[in-house]
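Enquirer: File name coords_2.txt; file contents compact mmCIF, C-alpha atoms; full text below.
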# COMPACT_ATOMS: atom_id res chain seq x y z
CA MET A 276 116.75 79.85 93.46
CA VAL A 277 113.71 81.09 91.51
CA LEU A 278 111.39 80.09 94.37
CA CYS A 279 113.68 81.87 96.82
CA PHE A 280 113.55 85.03 94.70
CA VAL A 281 109.74 84.89 94.46
CA LEU A 282 109.47 84.52 98.23
CA HIS A 283 111.75 87.52 98.73
CA VAL A 284 109.64 89.71 96.44
CA ALA A 285 106.42 88.55 98.10
CA ALA A 286 107.77 89.21 101.58
CA LEU A 287 109.00 92.66 100.56
CA ALA A 288 105.60 93.49 99.06
CA LEU A 289 103.85 92.39 102.26
CA GLY A 290 106.21 94.52 104.36
CA GLN A 291 107.79 91.57 106.13
CA TYR A 292 111.24 93.15 105.96
CA SER A 293 112.85 96.43 104.96
CA ILE A 294 114.70 97.47 101.83
CA GLU A 295 117.93 97.07 103.78
CA ASP A 296 117.13 93.42 104.44
CA GLY A 297 116.14 93.06 100.81
CA VAL A 298 119.66 94.09 99.76
CA ILE A 299 121.13 91.34 101.94
CA TYR A 300 118.73 88.82 100.44
CA ALA A 301 119.72 89.99 96.96
CA SER A 302 123.30 89.13 97.92
CA TYR A 303 122.12 85.67 99.00
CA THR A 304 120.28 85.21 95.69
CA SER A 305 123.48 86.04 93.78
CA SER A 306 125.30 83.53 95.98
CA CYS A 307 122.73 80.90 95.00
CA TYR A 308 123.34 81.74 91.35
CA SER A 309 127.11 81.32 91.75
CA ILE A 310 126.56 78.07 93.64
CA PHE A 311 124.45 76.64 90.82
CA ALA A 312 127.04 77.86 88.30
CA SER A 313 129.81 76.13 90.28
CA TYR A 314 127.89 72.85 90.42
CA SER A 315 127.17 73.20 86.70
CA VAL A 316 130.91 73.48 86.03
CA LEU A 317 131.61 70.43 88.19
CA GLN A 318 129.10 68.41 86.18
CA GLN A 319 130.66 69.19 82.81
CA GLU A 320 132.86 66.48 81.33
CA ARG A 321 135.09 69.09 79.73
CA TYR A 322 136.11 70.36 83.19
CA TRP A 323 137.22 66.92 84.34
CA ASP A 324 138.92 66.28 81.00
CA ILE A 325 141.08 69.40 81.55
CA LEU A 326 142.08 68.10 84.99
CA ARG A 327 142.91 64.67 83.56
CA GLN A 328 144.98 66.17 80.75
CA THR A 329 146.85 68.32 83.27
CA ARG A 330 147.66 65.30 85.41
CA SER A 331 148.79 63.30 82.37
CA LEU A 332 151.00 66.10 81.09
CA VAL A 333 152.55 66.57 84.53
CA GLY A 334 153.46 62.88 84.51
CA VAL A 335 155.18 63.23 81.12
CA LEU A 336 157.17 66.26 82.26
CA GLN A 337 158.14 64.57 85.52
CA GLN A 338 159.79 61.80 83.54
CA ALA A 339 161.78 64.37 81.58
CA SER A 340 162.69 66.78 84.39
CA ARG A 341 162.50 66.75 88.18
CA GLU A 342 162.09 70.54 88.18
CA VAL A 343 158.36 69.95 87.72
CA ASP A 344 158.05 68.79 91.34
CA LYS A 345 159.26 72.16 92.60
CA GLU A 346 156.80 74.03 90.40
CA LEU A 347 153.97 71.75 91.55
CA ASP A 348 154.81 72.43 95.18
CA GLN A 349 154.65 76.18 94.54
CA SER A 350 151.27 75.96 92.82
CA HIS A 351 149.86 73.77 95.59
CA ARG A 352 151.07 76.17 98.26
CA GLY A 353 149.54 79.09 96.39
CA ALA A 354 146.18 77.33 96.08
CA ALA A 355 146.32 76.40 99.77
CA ARG A 356 146.87 80.04 100.74
CA ILE A 357 143.87 81.08 98.64
CA GLY A 358 141.78 78.36 100.27
CA VAL A 359 142.71 79.69 103.70
CA GLY A 360 141.71 83.18 102.60
CA GLN A 361 138.36 81.94 101.31
CA ALA A 362 137.74 80.11 104.57
CA PHE A 363 138.60 83.28 106.50
CA ALA A 364 136.14 85.37 104.43
CA ALA A 365 133.40 82.78 104.85
CA THR A 366 134.06 82.67 108.60
CA ALA A 367 133.85 86.47 108.72
CA VAL A 368 130.44 86.36 107.04
CA PHE A 369 129.08 83.71 109.41
CA VAL A 370 130.48 85.54 112.43
CA GLY A 371 128.74 88.67 111.17
CA LEU A 372 125.47 86.78 110.86
CA ALA A 373 125.90 85.50 114.42
CA ILE A 374 126.55 89.03 115.68
CA ASP A 375 123.42 90.31 113.95
CA ALA A 376 121.42 87.50 115.51
CA ALA A 377 122.83 88.05 119.01
CA VAL A 378 122.88 91.85 119.11
CA HIS A 379 120.04 92.89 116.85
CA ASP A 380 117.91 89.75 117.11
CA ARG A 381 117.89 89.56 113.32
CA TYR A 382 118.28 86.14 111.76
CA PHE A 383 119.45 85.45 108.23
CA THR A 384 116.52 83.47 106.84
CA PRO A 385 116.23 83.99 103.09
CA LEU A 386 114.88 80.49 102.40
CA TRP A 387 111.70 81.37 104.29
CA PRO A 388 111.28 85.15 104.54
CA LEU A 389 107.71 84.99 105.94
CA ILE A 390 109.17 84.15 109.33
CA PRO A 391 106.56 85.88 111.52
CA LEU A 392 104.05 83.31 110.34
CA ALA A 393 106.28 80.42 111.40
CA GLY A 394 107.01 81.30 115.04
CA ASP A 395 110.33 81.25 116.89
CA TRP A 396 111.18 77.64 116.13
CA GLY A 397 110.48 78.20 112.45
CA ARG A 398 112.82 81.18 112.49
CA TYR A 399 115.62 79.15 114.06
CA ALA A 400 115.09 76.28 111.61
CA ALA A 401 115.06 78.64 108.62
CA ALA A 402 118.27 80.33 109.80
CA ALA A 403 120.01 76.97 110.25
CA SER A 404 118.93 75.72 106.81
CA SER A 405 120.05 78.96 105.14
CA ASN A 406 123.50 78.79 106.74
CA PHE A 407 123.81 75.10 105.87
CA THR A 408 122.98 75.90 102.24
CA LEU A 409 125.72 78.55 102.18
CA VAL A 410 128.29 76.11 103.59
CA ILE A 411 127.48 73.44 101.00
CA GLY A 412 127.55 76.00 98.22
CA ALA A 413 130.84 77.47 99.41
CA ILE A 414 132.46 74.04 99.02
CA ALA A 415 131.55 73.86 95.31
CA PHE A 416 132.55 77.49 94.71
CA SER A 417 135.91 77.01 96.44
CA ALA A 418 136.55 73.78 94.54
CA VAL A 419 136.09 75.46 91.15
CA VAL A 420 138.13 78.57 91.98
CA ASN A 421 140.98 76.56 93.50
CA ALA A 422 140.98 74.19 90.51
CA VAL A 423 141.45 77.15 88.16
CA LEU A 424 144.23 78.55 90.33
CA THR A 425 145.99 75.20 90.68
CA VAL A 426 145.85 74.30 86.99
CA SER A 427 146.98 77.81 86.04
CA GLY A 428 149.91 77.54 88.45
CA VAL A 429 150.86 74.13 87.07
CA LEU A 430 150.70 75.40 83.47
CA ALA A 431 152.89 78.39 84.38
CA GLY A 432 155.33 75.97 86.02
CA MET A 433 155.39 73.80 82.89
CA HIS A 434 156.33 76.81 80.77
CA ARG A 435 159.16 77.63 83.18
CA VAL A 436 160.41 74.04 83.19
CA LEU A 437 160.58 74.05 79.39
CA ALA A 438 162.39 77.39 79.50
CA ALA A 439 164.91 75.97 81.97
CA ARG A 440 165.55 73.00 79.68
CA LEU A 441 166.30 75.32 76.78
CA GLU A 442 168.59 77.46 78.93
CA ALA A 443 170.54 74.36 79.97
CA LEU A 444 170.47 72.80 76.52
CA ALA A 445 173.05 70.02 76.48
CA HIS A 446 172.10 68.19 73.29
CA PRO A 447 170.34 69.43 70.14
CA ASP A 448 167.98 66.43 70.18
CA GLU A 449 166.24 67.96 73.20
CA VAL A 450 164.87 70.75 71.02
CA ALA A 451 162.33 68.52 69.29
CA GLU A 452 161.07 67.20 72.63
CA VAL A 453 160.70 70.71 74.07
CA VAL A 454 158.80 71.88 70.98
CA ARG A 455 156.47 68.87 71.20
CA LEU A 456 155.84 69.38 74.93
CA HIS A 457 155.19 73.08 74.42
CA ARG A 458 152.57 72.25 71.81
CA ASP A 459 150.71 70.11 74.36
CA VAL A 460 151.11 72.69 77.15
CA ARG A 461 149.93 75.47 74.85
CA ARG A 462 146.88 73.52 73.73
CA LEU A 463 145.90 72.75 77.32
CA THR A 464 146.39 76.38 78.37
CA LEU A 465 144.11 77.61 75.61
CA GLU A 466 141.59 74.92 76.49
CA LEU A 467 141.49 76.13 80.10
CA SER A 468 141.13 79.76 79.02
CA ASP A 469 138.38 78.98 76.53
CA PHE A 470 136.38 76.82 78.94
CA PHE A 471 136.33 79.32 81.79
CA ALA A 472 135.85 82.41 79.59
CA GLY A 473 132.11 81.80 79.66
CA ASN A 474 131.81 80.03 83.01
CA LEU A 475 133.95 82.26 85.20
CA VAL A 476 131.63 85.27 85.06
CA HIS A 477 128.74 83.16 86.41
CA VAL A 478 130.85 81.60 89.15
CA MET A 479 132.19 85.01 90.20
CA CYS A 480 128.78 86.72 90.17
CA CYS A 481 128.33 86.55 93.95
CA THR A 482 131.73 88.07 94.70
CA PHE A 483 131.14 91.06 92.43
CA ILE A 484 127.68 91.77 93.82
CA ALA A 485 128.76 91.24 97.43
CA SER A 486 131.64 93.66 96.96
CA VAL A 487 129.35 96.31 95.46
CA ILE A 488 126.84 95.96 98.29
CA ALA A 489 129.56 96.10 100.96
CA THR A 490 131.14 99.17 99.38
CA LEU A 491 127.80 100.98 99.21
CA GLN A 492 127.18 100.10 102.85
CA VAL A 493 130.49 101.64 103.85
CA LEU A 494 129.86 104.78 101.79
CA ALA A 495 126.39 105.13 103.32
CA ASN A 496 127.75 104.60 106.85
CA ASP A 497 125.40 101.63 107.22
CA VAL A 498 127.85 98.87 108.12
CA SER A 499 126.48 95.50 109.25
CA GLY A 500 128.12 92.40 110.67
CA THR A 501 128.57 90.89 107.19
CA THR A 502 130.12 93.95 105.48
CA PHE A 503 133.74 93.02 106.18
CA GLY A 504 133.36 89.47 104.89
CA MET A 505 131.59 90.62 101.72
CA MET A 506 134.31 93.17 100.98
CA LEU A 507 136.94 90.43 101.25
CA SER A 508 135.16 88.13 98.80
CA VAL A 509 136.35 89.83 95.61
CA ALA A 510 139.86 90.40 97.00
CA ILE A 511 140.47 86.70 97.68
CA THR A 512 139.00 85.45 94.38
CA PHE A 513 139.32 88.01 91.58
CA ALA A 514 142.80 89.24 92.56
CA PRO A 515 144.35 85.71 92.79
CA LEU A 516 142.78 84.76 89.46
CA ALA A 517 144.31 87.86 87.87
CA TYR A 518 147.66 86.99 89.46
CA ALA A 519 147.49 83.37 88.24
CA SER A 520 146.65 84.55 84.73
CA GLN A 521 149.58 86.99 84.84
CA GLU A 522 151.90 84.18 85.92
CA VAL A 523 150.91 82.09 82.89
CA SER A 524 151.55 85.04 80.56
CA ASP A 525 154.91 85.85 82.17
CA ALA A 526 156.02 82.20 82.05
CA SER A 527 155.17 82.07 78.34
CA LEU A 528 157.36 85.14 77.75
CA GLU A 529 160.19 83.48 79.71
CA LEU A 530 159.93 80.46 77.41
CA SER A 531 159.98 82.74 74.36
CA THR A 532 163.15 84.42 75.59
CA ALA A 533 164.80 81.06 76.29
CA ALA A 534 163.87 79.83 72.80
CA TYR A 535 165.47 82.91 71.25
CA HIS A 536 168.73 82.44 73.14
CA ALA A 537 168.82 78.73 72.29
CA ALA A 538 168.15 79.42 68.60
CA THR A 539 170.97 81.98 68.40
CA SER A 540 173.46 80.09 70.55
CA GLY A 541 175.04 78.20 67.65
CA LEU A 542 174.48 74.84 69.37
CA VAL A 543 171.55 73.78 67.19
CA THR A 544 171.09 72.99 63.52
CA LEU A 545 169.31 75.29 61.10
CA GLY A 546 166.13 73.21 61.22
CA GLU A 547 166.10 73.20 65.00
CA ALA A 548 166.71 76.95 65.07
CA ARG A 549 163.70 77.45 62.82
CA ALA A 550 161.59 75.28 65.13
CA LEU A 551 162.73 77.34 68.12
CA LEU A 552 161.94 80.60 66.37
CA MET A 553 158.45 79.27 65.59
CA LEU A 554 158.08 78.33 69.26
CA MET A 555 159.20 81.85 70.18
CA ARG A 556 156.55 83.43 67.96
CA VAL A 557 153.82 81.24 69.43
CA ALA A 558 154.95 81.87 73.03
CA ASP A 559 155.07 85.62 72.37
CA SER A 560 151.30 85.47 71.91
CA THR A 561 150.86 85.08 75.65
CA PRO A 562 147.88 83.02 76.87
CA ALA A 563 145.79 84.19 79.81
CA LEU A 564 142.55 83.50 81.63
CA ARG A 565 139.56 85.40 80.29
CA CYS A 566 136.26 86.33 81.86
CA ARG A 567 133.32 87.41 79.71
CA GLY A 568 132.41 91.00 80.52
CA VAL A 569 135.80 91.64 82.13
CA GLY A 570 138.15 90.50 79.38
CA ARG A 571 141.70 89.25 79.75
CA LEU A 572 142.70 88.77 83.39
CA SER A 573 146.01 90.34 84.38
CA LEU A 574 147.41 92.42 87.22
CA PRO A 575 147.34 95.71 85.23
CA GLY A 576 143.83 94.87 84.04
CA ALA A 577 142.70 94.12 87.58
CA GLY A 578 144.10 97.45 88.78
CA HIS A 579 142.30 99.27 85.96
CA THR A 580 139.03 97.50 86.77
CA VAL A 581 139.29 98.40 90.45
CA SER A 582 140.02 102.05 89.66
CA GLN A 583 137.04 102.23 87.31
CA TYR A 584 134.84 100.55 89.91
CA TYR A 585 135.72 103.02 92.64
CA SER A 586 135.31 105.98 90.28
CA VAL A 587 131.75 104.82 89.57
CA ILE A 588 131.10 104.33 93.28
CA GLN A 589 132.44 107.81 94.01
CA THR A 590 130.17 109.29 91.34
CA LEU A 591 127.16 107.55 92.82
CA ARG A 592 128.11 108.77 96.28
CA ASN A 593 128.34 112.38 95.14
CA LYS A 594 124.95 112.21 93.46
CA VAL A 595 123.32 110.58 96.46
Represent the structure of the file as structure tokens.

Expert:
Amino acid sequence: MVLCFVLHVAALALGQYSIEDGVIYASYTSSCYSIFASYSVLQQERYWDILRQTRSLVGVLQQASREVDKELDQSHRGAARIGVGQAFAATAVFVGLAIDAAVHDRYFTPLWPLIPLAGDWGRYAAAASSNFTLVIGAIAFSAVVNAVLTVSGVLAGMHRVLAARLEALAHPDEVAEVVRLHRDVRRLTLELSDFFAGNLVHVMCCTFIASVIATLQVLANDVSGTTFGMMLSVAITFAPLAYASQEVSDASLELSTAAYHAATSGLVTLGEARALLMLMRVADSTPALRCRGVGRLSLPGAGHTVSQYYSVIQTLRNKV
């Protein structure tokens, strides 16, 4: 990535491409950064430990309640829809690159910007290698994002399953099991939030920068073949992450409400009621995904971030 950046600066200084092309190459450099961040996440043992703990906890809950299967199906369908959206955005970008190559005879070759010195075959080879690099990187990026979405969906489902067990409380002995399972679910949820608080901003770097570049292109009436795909990138990653985080928070509140009703139902002993009230207090402190520089991810927070972003863009447009 560093060598790629040095080549871009050298080519720009030698006049090999325009500032407009330099902006596109800056987007590619941010994509490289996110790709390396994604592979870095995949290489960390803590990431795989979270996935193993999730799988183990799902197995424990499946033995206690078959409702977990329904929640798992919902989380898998949600992650699959996001994967389709990511594939669509990536396809839109590659189609845009193909249009630029066919109509404007401009090839996307950031890995070797000094193309005029390489001849036509060198240009074709550089374009093919650049696109291949993007495809490989997109796999790692998609794997990390979909893992966060899937685990978040599963954790939200676990909270709802525990809430359903309290709502249908048939025997007081079930209270102790629910409290114990919630402790494990809570610990895993906080582990997921803490791990990705520092990593998520690096993984999402390319989507933020691509969205800014695409928005500026639209405001400047300088739309290219890749503008549409770049504008979609933040919508199909940041928004679903905010939604998944909101689902975890809402499910925790549902569990808190169920614990309150169970504790005041008169069906449990005093000790069990105290345990349920403690569970209620813990669940009231709703967990959520966090991203350094953005903060707690939620639907209201995402809406506020988008409104602030467009107000800044509008200010820049008026000054320009």

Enquirer: List the neighbours of A:Leu528 out to 9 Å using only C-alpha atoms; skip same-chain residues closer than 4 positions along the sequence, and give me the result as a short mmCIF file (atom, residue, chain, number, x, y, z; two decimals) with C-alpha atoms, in the coordinates of the input.

Expert:
data_model
loop_
_atom_site.label_atom_id
_atom_site.label_comp_id
_atom_site.auth_asym_id
_atom_site.auth_seq_id
_atom_site.Cartn_x
_atom_site.Cartn_y
_atom_site.Cartn_z
CA HIS A 434 156.33 76.81 80.77
CA VAL A 523 150.91 82.09 82.89
CA SER A 524 151.55 85.04 80.56
CA THR A 532 163.15 84.42 75.59
CA ALA A 533 164.80 81.06 76.29
CA MET A 555 159.20 81.85 70.18
CA ALA A 558 154.95 81.87 73.03
CA ASP A 559 155.07 85.62 72.37
CA SER A 560 151.30 85.47 71.91
CA THR A 561 150.86 85.08 75.65
#

Enquirer: Find, counting only C-alpha atoms, the residue in A:Leu542, A:Leu552, A:Tyr535, A:Ser520 that gets nearest to A:Pro575.

Expert: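 Among the listed residues, A:Ser520 lies closest to A:Pro575.
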
Enquirer: Rounded to one decimal, what separation in Å do you get between atom CA of A:Ser313 and atom CA of A:Ala422?

Expert: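 Separation between atom CA of A:Ser313 and atom CA of A:Ala422: 11.3 Å.
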
Enquirer: Which distance in Å separates atom CA of A:Gly578 and atom CA of A:Leu516, to one decimal?

Expert: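 Between these atoms lies a distance of 12.8 Å.
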
Enquirer: Can you measure atom CA of A:Leu424 to atom CA of A:Val478 for me? One decimal in Å is fine.

Expert: 13.8 Å
